[in-house]
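All remarks here apply to the structure that follows.
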Amino acid sequence: MDKNKFYITTTLAYVNADPHIGFAREIVQADVLARFHRSIGDEVFFNTGTDEHGLKIFRKAQELEIDVQKYCDEKAENFKKLKGMLNLTFDSFIRTTDEHHVKAAQEFWKICDKKGDIYKKLYKVKYCVGCELEKTESELVDGKCPLHPNMEIEIISEENYFFRFSRYQEKLLKLYEENPNFVLPKKRMNEIRSFVEMGLEDFSISRLKNKMPWGVPVPGDDEQVMYVWFDALVDYVSTLGWPGDTEKFEKFWPGYQLCGKDNLRQQAAMWQAMLMSAGLPNSKQVFVNGFITSKGEKMSKSLGNVINPQDMVVKFGVDGTRYLLLSSGTFGEDSDLNWEGMVEKYNADLANGLGNLLSRVIKLSEKIDAGIAPKARPLESKGLAFGDFGEFFGKLELSQSLEYIWKIIQDNNKYIEENKPWELTHNHPEKFQKIMEKLLNDLSSISQLLESFMPETSEKIKKALETKQAIALFPRIK
RNA sequence: CGCGGGGUGGAGCAGUCUGGCAGCUCGCGUGGCUCAUAACCACGAGGUCCCGGGUUCAAAUCCCGGCCCCGCAACCA
């Protein structure tokens with residue numbers, strides 16, 4: 001891990017829907033890493049943004065009968081709002097319709113083209129006249145459209161540009177071999193490696209403009225626009241000012257990327273091959289999240305079980321939401337979120353755990369005004385095995401970092417029980433003071449450890465320790 | 001033989017890579033405490049680790065075979 005510079009980016013959110021909870025988790029994870037690295041003195045660049053091109057978006061806007069750019073503008077605002085809603089600290093919010101990005105994508109294309117990695121070829125499209133739609137192989141049942149089984153699928157030929165993905169098989173395998181942790185968790189690394197080992201096919205990177213005009217124009221060809229993936233991936237470098245502003249780019253690239261498991265191929269293989277083609281360094285590492293299910297089912301509008309981040313914030317507050325998003329499940333595995341479970345966890349960990357510990361300690365400290373000023377032990381000298389804690393960050397095992405903090409909370413509750421400080425106030429004031437010192441110092445440390453995860457809560461704890469004013473951090477929820 | 005994930009006390013999960021008394025949270029039961037947000041602490045009940053073979057002194061973990069569930073089309077990370 002770079003000592004002084006830290007660049008972290010989420011994937012770009014596709015604007016054909018409102019902010020999804022999976023994306024919310026991803027961006028909160030990125031925020032925690034960004035805050036953490038700032039706290040240890042690194043220079044940080046934290047990127048996120050929106051992916052706005054492509055057929056789906058074009059159609060959606062048509063459906064709503066509004067201008068496509070206007071549609072994107074409105075949707076992008078919804079995503080920008082996450083900043084305040086979830087208390088995020090991203091430095092850059094890039095939109096793939098930004099003029100600078102469009103230019104960067106075109107420049108990227110030109111470089112790959114010069115390298116000989118882009119060529120034109122006839123592309124056979126399977127078309128169902130019944131649906132008036134192109135169909136992929138996986139959509140067909142016995143070679144026919146399941147919705148129109150008595151109609152023949154038509155084969156239409158169209159000329160598209162292709163990227164010579166196949167040329168990068170060896171290089172990608174070498175990249176993986178030299179960086180065994182290039183993708184985390186390990187099983188995703190294995191998955192992408194075996195995918196590449198099976199052989200790569202060149203993929204199409206353009207569309208005919210007269211069928212789908214909503215894309216970045218292909219340089220030197222008026223009839224084609226870029227396929228959305230090709231331009232979207234370039235955002236990771238265009239956001240750093242590439243190709244014009246080399247200063248920021250040189251400083252921060254390569255960086256760390258977060259994505260969901262459905263994005264593995266694009267981020268860990270396609271994008272890496274594109275970087276190789278353009279002669280740019282590969283990403284540093286790709287963290288791949290699992291999906292969030294709800295009661296074991298995929299969240300979907302049709303099932304009506306979608307949990308959106310805004311509703312969570314209303315119910316649990318900003319930090320409550322951040323905590324719930326970060327603490328559920330194991331990094332890389334699918335995890336489950338549902339309202340009952342979340343209320344339970346909120347009450348157990350935040351209200352009864354952290355919140356209650358703070359109030360009992362503050363109340364105890366009122367018994368004798370011993371004038372104790374809790375010392376915020378600096379992270380590095382903390383006697384709390386900080387090494388383990390920091391290591392979890394490197395592996396994105398943030399739920400484990402949190403468990404580590406909650407272990408301290410539990411220990412403190414135990415400590416209070418064992419020492420019964422409330423019995424000591426009259427006859428053993430010195431003993432009482434010693435005990436309170438330990439409790440107040442530990443809380444101070446907890447507030448520090450929590451800083452990246454729950455910034456407001458961390459601040460509130462600090463303040464409560466200074467003013468000795470008891471506050472209900474997290475009121476119980478029924 | 002398309003690709004991948006999963007099956008561990010009532011619920012949700014960790015542990016599997018690198019074999020060594022089966023662990024965590026919630027819930028449940030009993031007791032304790034009264035500083036605290038009806039919070040906290042202790043103890044306890046509850047498990048054929050999907051099934052069948054194999055390797056081994058030893059298997060949830062490694063090997064072989066099988067069963068079942070869920071993704072890979074749409075909203076979506």
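Letters A, B, ... go to the chains of the structure tokens in the order shown; residues in each chain start at 1; ligands are counted from 1 in the same order.
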Per residue of chain A within 6 Å of chain B, which atom pair is closest and at what distance in Å (one decimal), using only C-alpha atoms (C1' of nucleotides), listed by chain and increasing number, as JSON lines?
```
{"residue": "A:Gly22", "atom": "CA", "partner": "B:A77", "partner_atom": "C1'", "distance": 4.7}
{"residue": "A:Phe23", "atom": "CA", "partner": "B:A77", "partner_atom": "C1'", "distance": 5.1}
{"residue": "A:Gly260", "atom": "CA", "partner": "B:A77", "partner_atom": "C1'", "distance": 4.4}
{"residue": "A:Asn352", "atom": "CA", "partner": "B:A39", "partner_atom": "C1'", "distance": 5.7}
{"residue": "A:Asn356", "atom": "CA", "partner": "B:U37", "partner_atom": "C1'", "distance": 5.6}
{"residue": "A:Ser359", "atom": "CA", "partner": "B:A36", "partner_atom": "C1'", "distance": 5.8}
{"residue": "A:Arg360", "atom": "CA", "partner": "B:A36", "partner_atom": "C1'", "distance": 3.9}
{"residue": "A:Leu364", "atom": "CA", "partner": "B:C35", "partner_atom": "C1'", "distance": 5.3}
{"residue": "A:Glu417", "atom": "CA", "partner": "B:C41", "partner_atom": "C1'", "distance": 5.9}
{"residue": "A:Trp422", "atom": "CA", "partner": "B:C35", "partner_atom": "C1'", "distance": 5.7}
```
DSSP on the backbone, then: every residue of range 149-230 of chain A marked strand (DSSP E or B), written as a PyMOL selection string.
chain A and resi 154-163+183-184+203-204+206-208+217+224-226
Just to be explicit: take each residue in the selection above, keep N, CA, C and O atoms, and write the result as a CSV table (one decimal), in the first residue's frame.
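Contents of part03.csv, as written:
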```csv
chain,number,residue,atom,x,y,z
A,154,GLU,N,-34.2,-13.5,-36.5
A,154,GLU,CA,-33.5,-13.0,-37.7
A,154,GLU,C,-32.0,-12.6,-37.3
A,154,GLU,O,-31.7,-12.2,-36.2
A,155,ILE,N,-31.2,-12.9,-38.3
A,155,ILE,CA,-29.8,-12.5,-38.1
A,155,ILE,C,-29.5,-11.3,-38.9
A,155,ILE,O,-29.7,-11.2,-40.1
A,156,ILE,N,-29.1,-10.2,-38.2
A,156,ILE,CA,-28.8,-9.0,-38.9
A,156,ILE,C,-27.3,-8.7,-38.7
A,156,ILE,O,-26.7,-8.9,-37.7
A,157,SER,N,-26.7,-8.3,-39.8
A,157,SER,CA,-25.3,-8.0,-39.7
A,157,SER,C,-25.1,-6.5,-39.6
A,157,SER,O,-25.8,-5.7,-40.2
A,158,GLU,N,-24.1,-6.1,-38.7
A,158,GLU,CA,-23.9,-4.7,-38.6
A,158,GLU,C,-22.4,-4.5,-38.3
A,158,GLU,O,-21.8,-5.4,-37.7
A,159,GLU,N,-21.8,-3.5,-38.8
A,159,GLU,CA,-20.4,-3.3,-38.6
A,159,GLU,C,-20.2,-2.5,-37.3
A,159,GLU,O,-20.7,-1.5,-37.0
A,160,ASN,N,-19.3,-3.1,-36.4
A,160,ASN,CA,-18.9,-2.4,-35.2
A,160,ASN,C,-17.4,-2.5,-35.0
A,160,ASN,O,-16.7,-3.2,-35.6
A,161,TYR,N,-17.0,-1.6,-34.1
A,161,TYR,CA,-15.6,-1.7,-33.8
A,161,TYR,C,-15.4,-2.7,-32.6
A,161,TYR,O,-16.3,-2.8,-31.8
A,162,PHE,N,-14.3,-3.4,-32.7
A,162,PHE,CA,-13.9,-4.3,-31.7
A,162,PHE,C,-12.6,-4.0,-31.0
A,162,PHE,O,-11.7,-3.5,-31.6
A,163,PHE,N,-12.5,-4.4,-29.8
A,163,PHE,CA,-11.3,-4.3,-29.0
A,163,PHE,C,-10.6,-5.6,-28.9
A,163,PHE,O,-11.2,-6.6,-28.6
A,183,VAL,N,-7.0,-9.1,-7.0
A,183,VAL,CA,-8.5,-9.1,-6.8
A,183,VAL,C,-8.7,-9.7,-5.4
A,183,VAL,O,-8.2,-10.8,-5.1
A,184,LEU,N,-9.5,-9.1,-4.6
A,184,LEU,CA,-10.0,-9.7,-3.4
A,184,LEU,C,-11.5,-9.7,-3.3
A,184,LEU,O,-12.1,-8.8,-3.9
A,203,PHE,N,-14.2,-8.0,-27.8
A,203,PHE,CA,-15.6,-7.5,-27.6
A,203,PHE,C,-15.9,-6.2,-28.4
A,203,PHE,O,-15.0,-5.4,-28.7
A,204,SER,N,-17.1,-6.1,-28.6
A,204,SER,CA,-17.6,-4.9,-29.4
A,204,SER,C,-17.6,-3.7,-28.5
A,204,SER,O,-18.0,-3.7,-27.4
A,206,SER,N,-18.5,-0.5,-29.9
A,206,SER,CA,-19.3,0.6,-30.5
A,206,SER,C,-20.7,0.2,-30.9
A,206,SER,O,-21.0,-1.0,-31.0
A,207,ARG,N,-21.5,1.2,-31.2
A,207,ARG,CA,-22.9,0.9,-31.6
A,207,ARG,C,-23.2,1.9,-32.8
A,207,ARG,O,-22.6,3.0,-32.8
A,208,LEU,N,-24.0,1.4,-33.7
A,208,LEU,CA,-24.4,2.3,-34.7
A,208,LEU,C,-25.2,3.5,-34.2
A,208,LEU,O,-26.2,3.3,-33.4
A,217,PRO,N,-19.1,10.0,-29.2
A,217,PRO,CA,-18.8,9.8,-30.7
A,217,PRO,C,-17.5,9.1,-30.8
A,217,PRO,O,-16.5,9.5,-30.2
A,224,GLN,N,-20.8,6.0,-35.7
A,224,GLN,CA,-20.7,5.1,-34.5
A,224,GLN,C,-20.5,5.9,-33.2
A,224,GLN,O,-19.8,6.9,-33.2
A,225,VAL,N,-21.1,5.4,-32.2
A,225,VAL,CA,-20.8,5.9,-30.8
A,225,VAL,C,-20.2,4.7,-30.0
A,225,VAL,O,-20.3,3.6,-30.3
A,226,MET,N,-19.5,5.1,-28.9
A,226,MET,CA,-18.8,4.0,-28.1
A,226,MET,C,-19.9,3.2,-27.3
A,226,MET,O,-20.9,3.8,-26.8
```
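Here CA of Val216 in chain A is placed at a distance of 6.1 Å from CA of Val102 in chain A.
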Between CA of Tyr123 in chain A and CA of Ser238 in chain A, measure the distance and give it in Å to one decimal.
29.5 Å
Selection near range 234-236 of chain A, 8 Å with only C-alpha atoms (C1' of nucleotides), sequence-local residues under 2 positions removed, as a list in words
Thr9, Asn47, Ile94, Thr96, His101, Ala104, Ala105, Phe108, Phe230, Asp231, Ala232, Ser238, Thr239 and Leu240 of chain A
For the selection you just gave me, I'd like the residues written to a file as an mmCIF file, in the first residue's frame, keeping C-alpha atoms.
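This went into again07.cif:
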```cif
data_model
loop_
_atom_site.group_PDB
_atom_site.id
_atom_site.type_symbol
_atom_site.label_atom_id
_atom_site.label_comp_id
_atom_site.auth_asym_id
_atom_site.auth_seq_id
_atom_site.Cartn_x
_atom_site.Cartn_y
_atom_site.Cartn_z
ATOM 1 C CA THR A 9 -12.836 4.848 -6.483
ATOM 2 C CA ASN A 47 -13.752 9.335 -6.699
ATOM 3 C CA ILE A 94 -17.533 12.562 -12.363
ATOM 4 C CA THR A 96 -19.586 10.391 -18.117
ATOM 5 C CA HIS A 101 -14.616 12.875 -19.717
ATOM 6 C CA ALA A 104 -10.671 11.661 -22.385
ATOM 7 C CA ALA A 105 -12.633 8.648 -23.626
ATOM 8 C CA PHE A 108 -8.155 6.752 -24.863
ATOM 9 C CA PHE A 230 -15.632 1.492 -23.058
ATOM 10 C CA ASP A 231 -16.197 5.087 -22.142
ATOM 11 C CA ALA A 232 -17.354 4.476 -18.579
ATOM 12 C CA SER A 238 -10.307 10.949 -16.585
ATOM 13 C CA THR A 239 -11.425 11.996 -13.123
ATOM 14 C CA LEU A 240 -7.764 12.579 -12.318
#
```
Would you kindly return, as number ranges by chain, each protein, DNA or RNA residue with an atom no farther than 6 Å from any atom of Ser166 in chain A, considering only C-alpha atoms (C1' of nucleotides) and excluding same-chain residues fewer than 3 positions away?
A: 169, 200-202
Dump of N, CA and C atoms for the selected residues, as a short mmCIF file (atom, residue, chain, number, x, y, z; two decimals), in the first residue's frame:
```
data_model
loop_
_atom_site.label_atom_id
_atom_site.label_comp_id
_atom_site.auth_asym_id
_atom_site.auth_seq_id
_atom_site.Cartn_x
_atom_site.Cartn_y
_atom_site.Cartn_z
N GLN A 169 -4.52 -11.87 -23.18
CA GLN A 169 -4.67 -13.02 -22.28
C GLN A 169 -3.40 -13.27 -21.45
N LEU A 200 -9.98 -15.51 -24.37
CA LEU A 200 -10.72 -14.26 -24.44
C LEU A 200 -11.18 -13.98 -25.86
N GLU A 201 -12.38 -13.46 -25.95
CA GLU A 201 -12.88 -13.05 -27.26
C GLU A 201 -12.89 -11.54 -27.32
N ASP A 202 -12.53 -11.02 -28.48
CA ASP A 202 -12.60 -9.58 -28.66
C ASP A 202 -14.03 -9.14 -28.42
#
```
If we count only C-alpha atoms (C1' of nucleotides), what is near range 58-61 of chain A at a cut-off of 12 Å, once residues fewer than 4 positions away on the same chain are taken out, given as a list in words?
Val15, Asn16, Ala17, Glu52, His53, Gly54, Glu65, Ile66, Asp67, Val68, Gln69, Lys70, Tyr71, Cys72, Asp73, Glu74, Lys75, Lys209, Lys211, Met212, Pro213, Trp214, Gly215 and Val228 of chain A; C75 of chain B
In Å, how far is it from CA of Leu55 in chain A to CA of Ala273 in chain A?
24.2 Å
For range 454-463 of chain A, please output as a ChimeraX atom specification all residues within 9 Å (counting only C-alpha atoms (C1' of nucleotides); exclusion window: fewer than 5 positions along the same chain).
/A:32,87,318-320,322-323,358,376,443-444,446-449,468-469,471,473
Per-residue DSSP, range 43-261 of chain A, filtered to helix (DSSP H, G or I), as an MDAnalysis selection string
chainID A and resid 55:63 68:80 82:85 99:114 137:139 165:178 186:197 228:233 235:238 246:252 261
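Comparing B:G15, B:G29, B:G7, B:C63 by their smallest distance to C50 in chain B, the closest is B:G7 (using only C-alpha atoms (C1' of nucleotides)).
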